[in-house]
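J.: Next up, query.pdb (PDB, C-alpha atoms).
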ATOM      1  CA  MET O1174     -33.411  11.594 -14.502  1.00  0.00           C
ATOM      2  CA  ILE O1175     -29.972  10.513 -13.365  1.00  0.00           C
ATOM      3  CA  PRO O1176     -30.377   7.394 -11.188  1.00  0.00           C
ATOM      4  CA  VAL O1177     -29.185   7.459  -7.574  1.00  0.00           C
ATOM      5  CA  ALA O1178     -26.935   4.805  -6.018  1.00  0.00           C
ATOM      6  CA  LEU O1179     -25.378   4.403  -2.585  1.00  0.00           C
ATOM      7  CA  GLN O1180     -21.650   3.914  -2.125  1.00  0.00           C
ATOM      8  CA  LEU O1181     -21.603   0.985   0.284  1.00  0.00           C
ATOM      9  CA  TYR O1182     -18.619   2.443   2.145  1.00  0.00           C
ATOM     10  CA  THR O1183     -21.288   4.608   3.798  1.00  0.00           C
ATOM     11  CA  VAL O1184     -22.796   1.537   5.498  1.00  0.00           C
ATOM     12  CA  ARG O1185     -19.604  -0.495   5.888  1.00  0.00           C
ATOM     13  CA  ASP O1186     -20.416  -1.200   9.548  1.00  0.00           C
ATOM     14  CA  GLU O1187     -23.630  -2.893   8.388  1.00  0.00           C
ATOM     15  CA  THR O1188     -22.212  -4.741   5.376  1.00  0.00           C
ATOM     16  CA  ALA O1189     -19.456  -6.180   7.580  1.00  0.00           C
ATOM     17  CA  LYS O1190     -22.157  -7.890   9.647  1.00  0.00           C
ATOM     18  CA  ASP O1191     -24.650  -8.772   6.898  1.00  0.00           C
ATOM     19  CA  LEU O1192     -23.950  -7.765   3.296  1.00  0.00           C
ATOM     20  CA  VAL O1193     -27.098  -9.275   1.816  1.00  0.00           C
ATOM     21  CA  GLY O1194     -29.363  -7.906   4.535  1.00  0.00           C
ATOM     22  CA  THR O1195     -27.831  -4.468   4.122  1.00  0.00           C
ATOM     23  CA  LEU O1196     -28.324  -4.549   0.368  1.00  0.00           C
ATOM     24  CA  ARG O1197     -31.969  -5.416   0.974  1.00  0.00           C
ATOM     25  CA  LYS O1198     -32.370  -2.408   3.278  1.00  0.00           C
ATOM     26  CA  VAL O1199     -30.670  -0.142   0.734  1.00  0.00           C
ATOM     27  CA  ALA O1200     -33.116  -1.340  -1.922  1.00  0.00           C
ATOM     28  CA  GLU O1201     -36.036  -0.775   0.461  1.00  0.00           C
ATOM     29  CA  ILE O1202     -34.956   2.850   0.984  1.00  0.00           C
ATOM     30  CA  GLY O1203     -35.352   3.278  -2.770  1.00  0.00           C
ATOM     31  CA  TYR O1204     -31.820   3.439  -4.156  1.00  0.00           C
ATOM     32  CA  ALA O1205     -31.587   2.301  -7.766  1.00  0.00           C
ATOM     33  CA  GLY O1206     -28.069   0.940  -7.410  1.00  0.00           C
ATOM     34  CA  VAL O1207     -24.992   0.513  -5.289  1.00  0.00           C
ATOM     35  CA  GLU O1208     -21.311   1.237  -5.712  1.00  0.00           C
ATOM     36  CA  PHE O1209     -19.026  -1.323  -4.150  1.00  0.00           C
ATOM     37  CA  ALA O1210     -16.054  -0.828  -1.852  1.00  0.00           C
ATOM     38  CA  GLY O1211     -15.323  -4.520  -1.487  1.00  0.00           C
ATOM     39  CA  THR O1212     -17.631  -7.389  -2.348  1.00  0.00           C
ATOM     40  CA  GLY O1213     -17.715  -9.411   0.854  1.00  0.00           C
ATOM     41  CA  GLY O1214     -15.905 -12.413  -0.583  1.00  0.00           C
ATOM     42  CA  LEU O1215     -18.861 -13.297  -2.819  1.00  0.00           C
ATOM     43  CA  SER O1216     -18.341 -14.544  -6.344  1.00  0.00           C
ATOM     44  CA  ALA O1217     -19.513 -12.266  -9.131  1.00  0.00           C
ATOM     45  CA  SER O1218     -22.333 -14.680 -10.035  1.00  0.00           C
ATOM     46  CA  GLU O1219     -23.541 -14.836  -6.412  1.00  0.00           C
ATOM     47  CA  LEU O1220     -23.479 -11.063  -6.073  1.00  0.00           C
ATOM     48  CA  LYS O1221     -25.187 -10.519  -9.422  1.00  0.00           C
ATOM     49  CA  LYS O1222     -28.046 -12.805  -8.424  1.00  0.00           C
ATOM     50  CA  ILE O1223     -28.510 -10.929  -5.150  1.00  0.00           C
ATOM     51  CA  LEU O1224     -28.587  -7.585  -6.953  1.00  0.00           C
ATOM     52  CA  ASP O1225     -30.991  -8.892  -9.586  1.00  0.00           C
ATOM     53  CA  ASP O1226     -33.311 -10.294  -6.919  1.00  0.00           C
ATOM     54  CA  LEU O1227     -33.348  -6.928  -5.116  1.00  0.00           C
ATOM     55  CA  GLY O1228     -33.715  -4.836  -8.257  1.00  0.00           C
ATOM     56  CA  LEU O1229     -30.392  -3.085  -7.697  1.00  0.00           C
ATOM     57  CA  LYS O1230     -27.905  -2.131 -10.411  1.00  0.00           C
ATOM     58  CA  PRO O1231     -24.132  -1.944  -9.977  1.00  0.00           C
ATOM     59  CA  ALA O1232     -23.164   1.716 -10.363  1.00  0.00           C
ATOM     60  CA  GLY O1233     -19.436   1.146  -9.974  1.00  0.00           C
ATOM     61  CA  SER O1234     -16.800  -0.587  -7.906  1.00  0.00           C
ATOM     62  CA  HIS O1235     -13.837   0.949  -6.093  1.00  0.00           C
ATOM     63  CA  VAL O1236     -10.735  -1.135  -6.729  1.00  0.00           C
ATOM     64  CA  GLY O1237      -7.386  -0.281  -5.129  1.00  0.00           C
ATOM     65  CA  ILE O1238      -4.450   0.733  -7.286  1.00  0.00           C
ATOM     66  CA  ASP O1239      -2.449  -2.368  -6.325  1.00  0.00           C
ATOM     67  CA  GLN O1240      -5.226  -4.601  -7.675  1.00  0.00           C
ATOM     68  CA  LEU O1241      -5.465  -2.506 -10.821  1.00  0.00           C
ATOM     69  CA  LYS O1242      -1.725  -2.795 -11.396  1.00  0.00           C
ATOM     70  CA  ASN O1243      -1.189  -6.409 -10.404  1.00  0.00           C
ATOM     71  CA  ASN O1244      -4.456  -8.264 -10.830  1.00  0.00           C
ATOM     72  CA  LEU O1245      -6.267  -6.404 -13.604  1.00  0.00           C
ATOM     73  CA  GLU O1246      -7.413  -9.409 -15.591  1.00  0.00           C
ATOM     74  CA  ALA O1247      -9.244 -10.819 -12.565  1.00  0.00           C
ATOM     75  CA  VAL O1248     -10.751  -7.396 -11.813  1.00  0.00           C
ATOM     76  CA  ILE O1249     -12.029  -7.121 -15.373  1.00  0.00           C
ATOM     77  CA  ASP O1250     -13.453 -10.654 -15.392  1.00  0.00           C
ATOM     78  CA  TYR O1251     -15.228 -10.139 -12.057  1.00  0.00           C
ATOM     79  CA  ASN O1252     -16.839  -6.865 -13.112  1.00  0.00           C
ATOM     80  CA  LEU O1253     -17.884  -8.208 -16.485  1.00  0.00           C
ATOM     81  CA  GLU O1254     -19.650 -11.107 -14.810  1.00  0.00           C
ATOM     82  CA  LEU O1255     -21.203  -8.780 -12.242  1.00  0.00           C
ATOM     83  CA  GLY O1256     -22.509  -6.523 -15.006  1.00  0.00           C
ATOM     84  CA  ASN O1257     -20.665  -3.510 -13.615  1.00  0.00           C
ATOM     85  CA  LYS O1258     -19.436  -0.983 -16.170  1.00  0.00           C
ATOM     86  CA  TYR O1259     -17.389   1.397 -14.019  1.00  0.00           C
ATOM     87  CA  VAL O1260     -14.150   0.402 -12.298  1.00  0.00           C
ATOM     88  CA  VAL O1261     -12.988   3.231 -10.046  1.00  0.00           C
ATOM     89  CA  CYS O1262      -9.529   3.947  -8.684  1.00  0.00           C
ATOM     90  CA  PRO O1263     -10.463   5.361  -5.270  1.00  0.00           C
ATOM     91  CA  ALA O1264      -7.131   6.975  -4.306  1.00  0.00           C
ATOM     92  CA  ILE O1265      -3.397   6.785  -4.900  1.00  0.00           C
ATOM     93  CA  PRO O1266      -0.453   6.705  -2.465  1.00  0.00           C
ATOM     94  CA  GLU O1267       1.771   9.697  -1.850  1.00  0.00           C
ATOM     95  CA  GLU O1268       4.609   8.471  -4.043  1.00  0.00           C
ATOM     96  CA  MET O1269       2.300   8.559  -7.083  1.00  0.00           C
ATOM     97  CA  ARG O1270       1.484  12.244  -6.508  1.00  0.00           C
ATOM     98  CA  ARG O1271       4.506  13.793  -4.823  1.00  0.00           C
ATOM     99  CA  ASP O1272       5.273  16.176  -7.724  1.00  0.00           C
ATOM    100  CA  ALA O1273       4.113  17.080 -11.219  1.00  0.00           C
ATOM    101  CA  GLU O1274       6.131  14.330 -12.883  1.00  0.00           C
ATOM    102  CA  ALA O1275       4.681  11.728 -10.521  1.00  0.00           C
ATOM    103  CA  TRP O1276       1.208  12.905 -11.502  1.00  0.00           C
ATOM    104  CA  ARG O1277       2.113  12.618 -15.197  1.00  0.00           C
ATOM    105  CA  GLU O1278       3.461   9.113 -14.654  1.00  0.00           C
ATOM    106  CA  THR O1279       0.252   8.205 -12.800  1.00  0.00           C
ATOM    107  CA  ALA O1280      -1.722   9.587 -15.744  1.00  0.00           C
ATOM    108  CA  ARG O1281       0.211   7.335 -18.125  1.00  0.00           C
ATOM    109  CA  LEU O1282      -0.325   4.301 -15.900  1.00  0.00           C
ATOM    110  CA  LEU O1283      -4.058   4.897 -15.501  1.00  0.00           C
ATOM    111  CA  SER O1284      -4.395   5.466 -19.239  1.00  0.00           C
ATOM    112  CA  GLU O1285      -2.786   2.068 -19.859  1.00  0.00           C
ATOM    113  CA  ILE O1286      -5.059   0.383 -17.316  1.00  0.00           C
ATOM    114  CA  GLY O1287      -8.074   2.189 -18.748  1.00  0.00           C
ATOM    115  CA  ALA O1288      -7.211   1.057 -22.266  1.00  0.00           C
ATOM    116  CA  LYS O1289      -7.191  -2.571 -21.120  1.00  0.00           C
ATOM    117  CA  CYS O1290     -10.548  -2.042 -19.402  1.00  0.00           C
ATOM    118  CA  ALA O1291     -11.954  -0.425 -22.543  1.00  0.00           C
ATOM    119  CA  GLU O1292     -10.952  -3.433 -24.653  1.00  0.00           C
ATOM    120  CA  LYS O1293     -13.506  -5.429 -22.629  1.00  0.00           C
ATOM    121  CA  GLY O1294     -16.150  -2.707 -22.540  1.00  0.00           C
ATOM    122  CA  LEU O1295     -15.399  -1.385 -19.052  1.00  0.00           C
ATOM    123  CA  VAL O1296     -14.664   2.221 -18.074  1.00  0.00           C
ATOM    124  CA  LEU O1297     -11.905   3.269 -15.659  1.00  0.00           C
ATOM    125  CA  CYS O1298     -12.634   6.297 -13.466  1.00  0.00           C
ATOM    126  CA  TYR O1299     -10.605   8.225 -10.934  1.00  0.00           C
ATOM    127  CA  HIS O1300     -12.181   9.328  -7.627  1.00  0.00           C
ATOM    128  CA  ASN O1301     -10.736  12.446  -6.024  1.00  0.00           C
ATOM    129  CA  HIS O1302     -10.132  13.440  -2.442  1.00  0.00           C
ATOM    130  CA  ALA O1303      -8.641  16.830  -1.517  1.00  0.00           C
ATOM    131  CA  PHE O1304      -4.946  16.099  -2.026  1.00  0.00           C
ATOM    132  CA  GLU O1305      -5.431  16.495  -5.789  1.00  0.00           C
ATOM    133  CA  PHE O1306      -5.849  20.222  -5.146  1.00  0.00           C
ATOM    134  CA  GLN O1307      -2.227  20.777  -4.239  1.00  0.00           C
ATOM    135  CA  LYS O1308      -0.524  22.890  -6.872  1.00  0.00           C
ATOM    136  CA  PHE O1309       2.701  22.087  -8.716  1.00  0.00           C
ATOM    137  CA  ASP O1310       4.091  24.996 -10.746  1.00  0.00           C
ATOM    138  CA  GLY O1311       0.708  26.656 -10.373  1.00  0.00           C
ATOM    139  CA  VAL O1312      -1.337  23.692 -11.588  1.00  0.00           C
ATOM    140  CA  TYR O1313      -3.431  21.372  -9.460  1.00  0.00           C
ATOM    141  CA  GLY O1314      -2.437  17.729  -9.384  1.00  0.00           C
ATOM    142  CA  TYR O1315      -6.010  16.933 -10.459  1.00  0.00           C
ATOM    143  CA  ASP O1316      -5.633  18.969 -13.634  1.00  0.00           C
ATOM    144  CA  ILE O1317      -2.211  17.510 -14.385  1.00  0.00           C
ATOM    145  CA  LEU O1318      -3.746  14.035 -14.100  1.00  0.00           C
ATOM    146  CA  PHE O1319      -6.579  14.722 -16.501  1.00  0.00           C
ATOM    147  CA  GLU O1320      -4.583  16.862 -18.918  1.00  0.00           C
ATOM    148  CA  SER O1321      -1.878  14.167 -19.096  1.00  0.00           C
ATOM    149  CA  SER O1322      -4.147  11.113 -19.390  1.00  0.00           C
ATOM    150  CA  ASP O1323      -5.945   9.779 -22.442  1.00  0.00           C
ATOM    151  CA  PRO O1324      -9.548  11.073 -22.356  1.00  0.00           C
ATOM    152  CA  ARG O1325     -10.686   7.860 -24.027  1.00  0.00           C
ATOM    153  CA  TYR O1326      -9.388   5.713 -21.191  1.00  0.00           C
ATOM    154  CA  LEU O1327      -9.697   7.705 -17.964  1.00  0.00           C
ATOM    155  CA  LYS O1328     -12.969   9.227 -16.818  1.00  0.00           C
ATOM    156  CA  ALA O1329     -13.834  11.161 -13.655  1.00  0.00           C
ATOM    157  CA  GLU O1330     -15.833  10.319 -10.571  1.00  0.00           C
ATOM    158  CA  ILE O1331     -16.008  13.777  -9.001  1.00  0.00           C
ATOM    159  CA  ASP O1332     -16.572  13.903  -5.248  1.00  0.00           C
ATOM    160  CA  VAL O1333     -18.245  17.237  -4.507  1.00  0.00           C
ATOM    161  CA  PHE O1334     -17.303  17.333  -0.813  1.00  0.00           C
ATOM    162  CA  TRP O1335     -13.617  16.844  -1.486  1.00  0.00           C
ATOM    163  CA  VAL O1336     -13.527  19.396  -4.315  1.00  0.00           C
ATOM    164  CA  LYS O1337     -15.016  21.971  -1.960  1.00  0.00           C
ATOM    165  CA  PHE O1338     -12.689  20.888   0.855  1.00  0.00           C
ATOM    166  CA  GLY O1339      -9.817  21.376  -1.581  1.00  0.00           C
ATOM    167  CA  GLY O1340     -10.894  24.987  -2.130  1.00  0.00           C
ATOM    168  CA  GLU O1341     -12.658  24.749  -5.472  1.00  0.00           C
ATOM    169  CA  ASP O1342     -16.232  24.877  -6.783  1.00  0.00           C
ATOM    170  CA  PRO O1343     -17.657  21.381  -7.384  1.00  0.00           C
ATOM    171  CA  ALA O1344     -20.090  22.511 -10.097  1.00  0.00           C
ATOM    172  CA  GLU O1345     -17.265  24.281 -11.917  1.00  0.00           C
ATOM    173  CA  TYR O1346     -15.161  21.117 -11.921  1.00  0.00           C
ATOM    174  CA  ILE O1347     -18.059  19.009 -13.170  1.00  0.00           C
ATOM    175  CA  ARG O1348     -18.505  21.513 -16.014  1.00  0.00           C
ATOM    176  CA  LYS O1349     -14.755  21.663 -16.679  1.00  0.00           C
ATOM    177  CA  TYR O1350     -14.628  17.901 -17.173  1.00  0.00           C
ATOM    178  CA  SER O1351     -18.157  17.490 -18.503  1.00  0.00           C
ATOM    179  CA  ASP O1352     -16.963  15.238 -21.316  1.00  0.00           C
ATOM    180  CA  ARG O1353     -15.244  12.897 -18.822  1.00  0.00           C
ATOM    181  CA  CYS O1354     -17.309  13.118 -15.627  1.00  0.00           C
ATOM    182  CA  VAL O1355     -19.604  10.096 -15.641  1.00  0.00           C
ATOM    183  CA  LEU O1356     -20.078   9.494 -11.894  1.00  0.00           C
ATOM    184  CA  VAL O1357     -20.592  12.044  -9.115  1.00  0.00           C
ATOM    185  CA  HIS O1358     -20.296  11.448  -5.387  1.00  0.00           C
ATOM    186  CA  LEU O1359     -22.891  13.466  -3.511  1.00  0.00           C
ATOM    187  CA  LYS O1360     -22.058  14.257   0.087  1.00  0.00           C
ATOM    188  CA  ASP O1361     -22.613  17.317   2.238  1.00  0.00           C
ATOM    189  CA  MET O1362     -20.417  19.346   4.574  1.00  0.00           C
ATOM    190  CA  GLY O1363     -21.019  20.766   8.035  1.00  0.00           C
ATOM    191  CA  GLU O1364     -20.632  24.437   8.866  1.00  0.00           C
ATOM    192  CA  ASP O1365     -17.148  23.721  10.222  1.00  0.00           C
ATOM    193  CA  GLY O1366     -16.028  22.937   6.671  1.00  0.00           C
ATOM    194  CA  LYS O1367     -14.855  19.431   7.493  1.00  0.00           C
ATOM    195  CA  THR O1368     -17.665  17.352   9.019  1.00  0.00           C
ATOM    196  CA  PHE O1369     -19.522  14.929   6.744  1.00  0.00           C
ATOM    197  CA  LYS O1370     -23.277  15.468   6.618  1.00  0.00           C
ATOM    198  CA  GLU O1371     -26.220  13.821   4.893  1.00  0.00           C
ATOM    199  CA  VAL O1372     -26.993  15.302   1.475  1.00  0.00           C
ATOM    200  CA  GLY O1373     -29.207  18.330   2.057  1.00  0.00           C
ATOM    201  CA  GLU O1374     -28.246  18.723   5.719  1.00  0.00           C
ATOM    202  CA  GLY O1375     -25.127  20.841   5.270  1.00  0.00           C
ATOM    203  CA  ILE O1376     -23.720  23.903   3.540  1.00  0.00           C
ATOM    204  CA  ILE O1377     -23.066  22.651   0.003  1.00  0.00           C
ATOM    205  CA  ASP O1378     -25.273  24.258  -2.659  1.00  0.00           C
ATOM    206  CA  PHE O1379     -26.440  21.331  -4.757  1.00  0.00           C
ATOM    207  CA  LYS O1380     -28.556  23.247  -7.285  1.00  0.00           C
ATOM    208  CA  PRO O1381     -25.612  24.256  -9.533  1.00  0.00           C
ATOM    209  CA  ILE O1382     -24.110  20.798  -9.051  1.00  0.00           C
ATOM    210  CA  PHE O1383     -27.276  19.144 -10.355  1.00  0.00           C
ATOM    211  CA  GLU O1384     -27.436  21.614 -13.241  1.00  0.00           C
ATOM    212  CA  ALA O1385     -23.838  20.847 -14.211  1.00  0.00           C
ATOM    213  CA  CYS O1386     -24.410  17.097 -13.975  1.00  0.00           C
ATOM    214  CA  GLU O1387     -27.592  17.164 -15.992  1.00  0.00           C
ATOM    215  CA  ALA O1388     -25.990  19.305 -18.705  1.00  0.00           C
ATOM    216  CA  GLY O1389     -23.114  16.850 -19.013  1.00  0.00           C
ATOM    217  CA  ARG O1390     -22.626  13.099 -19.265  1.00  0.00           C
ATOM    218  CA  VAL O1391     -23.160  12.001 -15.664  1.00  0.00           C
ATOM    219  CA  GLU O1392     -24.723   8.538 -15.528  1.00  0.00           C
ATOM    220  CA  TRP O1393     -25.041   8.045 -11.767  1.00  0.00           C
ATOM    221  CA  TYR O1394     -25.445  10.168  -8.687  1.00  0.00           C
ATOM    222  CA  ILE O1395     -23.788   8.227  -5.867  1.00  0.00           C
ATOM    223  CA  VAL O1396     -24.498   9.145  -2.257  1.00  0.00           C
ATOM    224  CA  GLU O1397     -21.518   8.636   0.030  1.00  0.00           C
ATOM    225  CA  GLN O1398     -20.911   9.660   3.632  1.00  0.00           C
ATOM    226  CA  ASP O1399     -17.448   8.853   4.926  1.00  0.00           C
ATOM    227  CA  VAL O1400     -18.420   9.268   8.590  1.00  0.00           C
ATOM    228  CA  CYS O1401     -21.979   9.246   9.949  1.00  0.00           C
ATOM    229  CA  GLN O1402     -23.032  10.886  13.205  1.00  0.00           C
ATOM    230  CA  ARG O1403     -26.102   8.637  13.405  1.00  0.00           C
ATOM    231  CA  PRO O1404     -26.750   5.014  12.350  1.00  0.00           C
ATOM    232  CA  SER O1405     -25.352   4.687   8.840  1.00  0.00           C
ATOM    233  CA  LEU O1406     -28.524   3.327   7.241  1.00  0.00           C
ATOM    234  CA  GLU O1407     -30.455   6.217   8.776  1.00  0.00           C
ATOM    235  CA  SER O1408     -27.960   8.643   7.212  1.00  0.00           C
ATOM    236  CA  ALA O1409     -28.379   6.874   3.870  1.00  0.00           C
ATOM    237  CA  ARG O1410     -32.149   7.226   4.185  1.00  0.00           C
ATOM    238  CA  ILE O1411     -32.003  10.940   5.048  1.00  0.00           C
ATOM    239  CA  SER O1412     -29.814  11.677   2.022  1.00  0.00           C
ATOM    240  CA  PHE O1413     -32.178   9.732  -0.218  1.00  0.00           C
ATOM    241  CA  GLU O1414     -35.299  11.411   1.154  1.00  0.00           C
ATOM    242  CA  ASN O1415     -33.762  14.863   0.641  1.00  0.00           C
ATOM    243  CA  LEU O1416     -32.958  13.938  -2.960  1.00  0.00           C
ATOM    244  CA  ARG O1417     -36.555  12.784  -3.332  1.00  0.00           C
ATOM    245  CA  ARG O1418     -37.777  16.095  -1.894  1.00  0.00           C
ATOM    246  CA  TRP O1419     -35.697  17.896  -4.514  1.00  0.00           C
ATOM    247  CA  GLY O1420     -37.246  15.789  -7.293  1.00  0.00           C
ATOM    248  CA  LYS O1421     -34.062  13.847  -8.060  1.00  0.00           C
ATOM    249  CA  VAL O1422     -35.618  10.407  -7.459  1.00  0.00           C
TER
END
Translate the structure of the given file into C-alpha cells.
T.:
Amino acid sequence: MIPVALQLYTVRDETAKDLVGTLRKVAEIGYAGVEFAGTGGLSASELKKILDDLGLKPAGSHVGIDQLKNNLEAVIDYNLELGNKYVVCPAIPEEMRRDAEAWRETARLLSEIGAKCAEKGLVLCYHNHAFEFQKFDGVYGYDILFESSDPRYLKAEIDVFWVKFGGEDPAEYIRKYSDRCVLVHLKDMGEDGKTFKEVGEGIIDFKPIFEACEAGRVEWYIVEQDVCQRPSLESARISFENLRRWGKV
C-alpha cells in the first residue's frame, strides 16, 4: 500500500488561519502524511513535534527555486530536522524554460542542487504543471529536463492533472519515468478539461495511474486540489473517502 498524504496548498485558506488546527483535522480525516507548501513560520523542531503528536509524516516540501539556489544549506538543515526526505521544486520561471537550451541549463542546475541534497540524504524532485509539455524541436520541455539531468540527483513528482491538461497520458508518463517517479500528485479534472475536482469526482481514469504507480517506485500518493468549489477541508475529505472506497487507504 502506498501511503496517502495531503498537499497543504489544498487547504491554504485554513492553514493561514490555524496551521496546527488544520493539521489536526487532516489527521482526523485519515491522511498518513502532509506535503508542505510553506511551514507557517514554525521552526523545524516545533513542526516535527506537532506532526509526531498527530501521527502525521512529512511526505515532501515544496521549496521555491530562489530558495533552492540561494539558501540551500538552510533548506537542507530545516528538512533534515523535520525528518522530511523529499524537497520539491514546485515550478520554474519562464526564463528557465524559454527554449531547449534553457531547459538543459535548468537540468544542470537542478542536478547540482540535487547532488548537494543527496550528500545529506535528501532527495530533490521536480513537480510539473502543463508548460513542460511545450515542444522544442519536437521534444517536450519535460523530457529535455529529465533526459538532460542526472537521474541520481533529480527525481519526479508527477502531477496527473497537469500531464493530462498538457495533452499526455499520466499513467504513461509515470511508467516512462518509473525509475525516477517517487511522488505522485492525485487530482481530478472536470468535464470542461480545466476545472479542478476532488479525486474520483471527475473524468480522470485513475485505475491505470494506480497500476503504474504500484509497478514502479512511488512512495507517496499526494492529494492536491489547486482550487476547491466547496470548503477545502471538505474537498480533502471527499478525495480521501474516494481513495478509501477504491481500497487505496
J.: Using only C-alpha atoms, I'd like a table of the residues in range 1232-1337 of chain O that come within 10 Å of range 1180-1186 of chain O; for each, show the closest atom pair and its distance in Å rounded to one decimal, ordered by chain and ascending number, as a tab-separated table.
T.:
residue	atom	partner	partner_atom	distance
O:Ala1232	CA	O:Gln1180	CA	8.7
O:Gly1233	CA	O:Gln1180	CA	8.6
O:Ser1234	CA	O:Gln1180	CA	8.8
O:His1235	CA	O:Gln1180	CA	9.3
J.: Fewer than 4 positions away in the same chain doesn't count, so skip those; otherwise give me all residues within 7 Å of range 1395-1405 of chain O, counting all atoms listed in the file, as an NGL selection string.
T.: :O and (1177-1180 or 1183-1184 or 1357-1360 or 1369-1371 or 1409)
J.: Hey, can you pull every residue with an atom no more than 12 Å from (-25.4, 22.0, -3.5), using only C-alpha atoms, and send it as a PyMOL selection string?
T.: chain O and resi 1333-1334+1337+1342-1345+1358-1362+1371-1386+1415-1416+1419
J.: Which centre and edge lengths in Å to one decimal define the box along x, y and z that fits every listed atom of range 1295-1310 of chain O plus 4 Å per side, as lines of an AutoDock Vina configuration file?
T.:
center_x = -5.7
center_y = 11.8
center_z = -10.3
size_x = 27.5
size_y = 34.4
size_z = 25.5
J.: Mind pulling up the distance from CA of Val1261 in chain O to CA of Cys1298 in chain O?
T.: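 Atom-to-atom, CA of Cys1298 in chain O and CA of Val1261 in chain O are spaced 4.6 Å apart.
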J.: Where atoms are missing, can you supply N, CA and C atoms for range 1229-1246 of chain O and output the lot as an mmCIF file, in the coordinates of the input?
T.:
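The file below, rebuild_25.cif, is the result:
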data_model
loop_
_atom_site.group_PDB
_atom_site.id
_atom_site.type_symbol
_atom_site.label_atom_id
_atom_site.label_comp_id
_atom_site.auth_asym_id
_atom_site.auth_seq_id
_atom_site.Cartn_x
_atom_site.Cartn_y
_atom_site.Cartn_z
ATOM 1 N N LEU O 1229 -31.478 -4.058 -7.767
ATOM 2 C CA LEU O 1229 -30.392 -3.085 -7.697
ATOM 3 C C LEU O 1229 -29.442 -3.247 -8.874
ATOM 4 N N LYS O 1230 -28.901 -2.122 -9.345
ATOM 5 C CA LYS O 1230 -27.905 -2.131 -10.411
ATOM 6 C C LYS O 1230 -26.531 -1.802 -9.828
ATOM 7 N N PRO O 1231 -25.466 -2.387 -10.386
ATOM 8 C CA PRO O 1231 -24.132 -1.944 -9.977
ATOM 9 C C PRO O 1231 -23.792 -0.616 -10.646
ATOM 10 N N ALA O 1232 -23.486 0.391 -9.834
ATOM 11 C CA ALA O 1232 -23.164 1.716 -10.363
ATOM 12 C C ALA O 1232 -21.666 1.937 -10.481
ATOM 13 N N GLY O 1233 -20.882 1.017 -9.942
ATOM 14 C CA GLY O 1233 -19.436 1.146 -9.974
ATOM 15 C C GLY O 1233 -18.826 0.289 -8.878
ATOM 16 N N SER O 1234 -17.517 0.162 -8.936
ATOM 17 C CA SER O 1234 -16.800 -0.587 -7.906
ATOM 18 C C SER O 1234 -15.437 0.051 -7.685
ATOM 19 N N HIS O 1235 -15.145 0.401 -6.443
ATOM 20 C CA HIS O 1235 -13.837 0.949 -6.093
ATOM 21 C C HIS O 1235 -12.840 -0.203 -5.966
ATOM 22 N N VAL O 1236 -11.757 -0.092 -6.709
ATOM 23 C CA VAL O 1236 -10.735 -1.135 -6.729
ATOM 24 C C VAL O 1236 -9.381 -0.463 -6.500
ATOM 25 N N GLY O 1237 -8.658 -0.899 -5.488
ATOM 26 C CA GLY O 1237 -7.386 -0.281 -5.129
ATOM 27 C C GLY O 1237 -6.354 -0.338 -6.242
ATOM 28 N N ILE O 1238 -5.439 0.610 -6.215
ATOM 29 C CA ILE O 1238 -4.450 0.733 -7.286
ATOM 30 C C ILE O 1238 -3.561 -0.510 -7.382
ATOM 31 N N ASP O 1239 -3.271 -1.162 -6.255
ATOM 32 C CA ASP O 1239 -2.449 -2.368 -6.325
ATOM 33 C C ASP O 1239 -3.149 -3.468 -7.127
ATOM 34 N N GLN O 1240 -4.450 -3.621 -6.905
ATOM 35 C CA GLN O 1240 -5.226 -4.601 -7.675
ATOM 36 C C GLN O 1240 -5.257 -4.229 -9.150
ATOM 37 N N LEU O 1241 -5.412 -2.951 -9.426
ATOM 38 C CA LEU O 1241 -5.465 -2.506 -10.821
ATOM 39 C C LEU O 1241 -4.130 -2.750 -11.528
ATOM 40 N N LYS O 1242 -3.043 -2.590 -10.788
ATOM 41 C CA LYS O 1242 -1.725 -2.795 -11.396
ATOM 42 C C LYS O 1242 -1.365 -4.270 -11.516
ATOM 43 N N ASN O 1243 -1.736 -5.054 -10.502
ATOM 44 C CA ASN O 1243 -1.189 -6.409 -10.404
ATOM 45 C C ASN O 1243 -2.185 -7.531 -10.665
ATOM 46 N N ASN O 1244 -3.450 -7.211 -10.701
ATOM 47 C CA ASN O 1244 -4.456 -8.264 -10.830
ATOM 48 C C ASN O 1244 -5.594 -7.824 -11.746
ATOM 49 N N LEU O 1245 -5.252 -7.058 -12.789
ATOM 50 C CA LEU O 1245 -6.267 -6.404 -13.604
ATOM 51 C C LEU O 1245 -7.167 -7.389 -14.335
ATOM 52 N N GLU O 1246 -6.595 -8.451 -14.836
ATOM 53 C CA GLU O 1246 -7.413 -9.409 -15.591
ATOM 54 C C GLU O 1246 -8.535 -9.973 -14.722
#
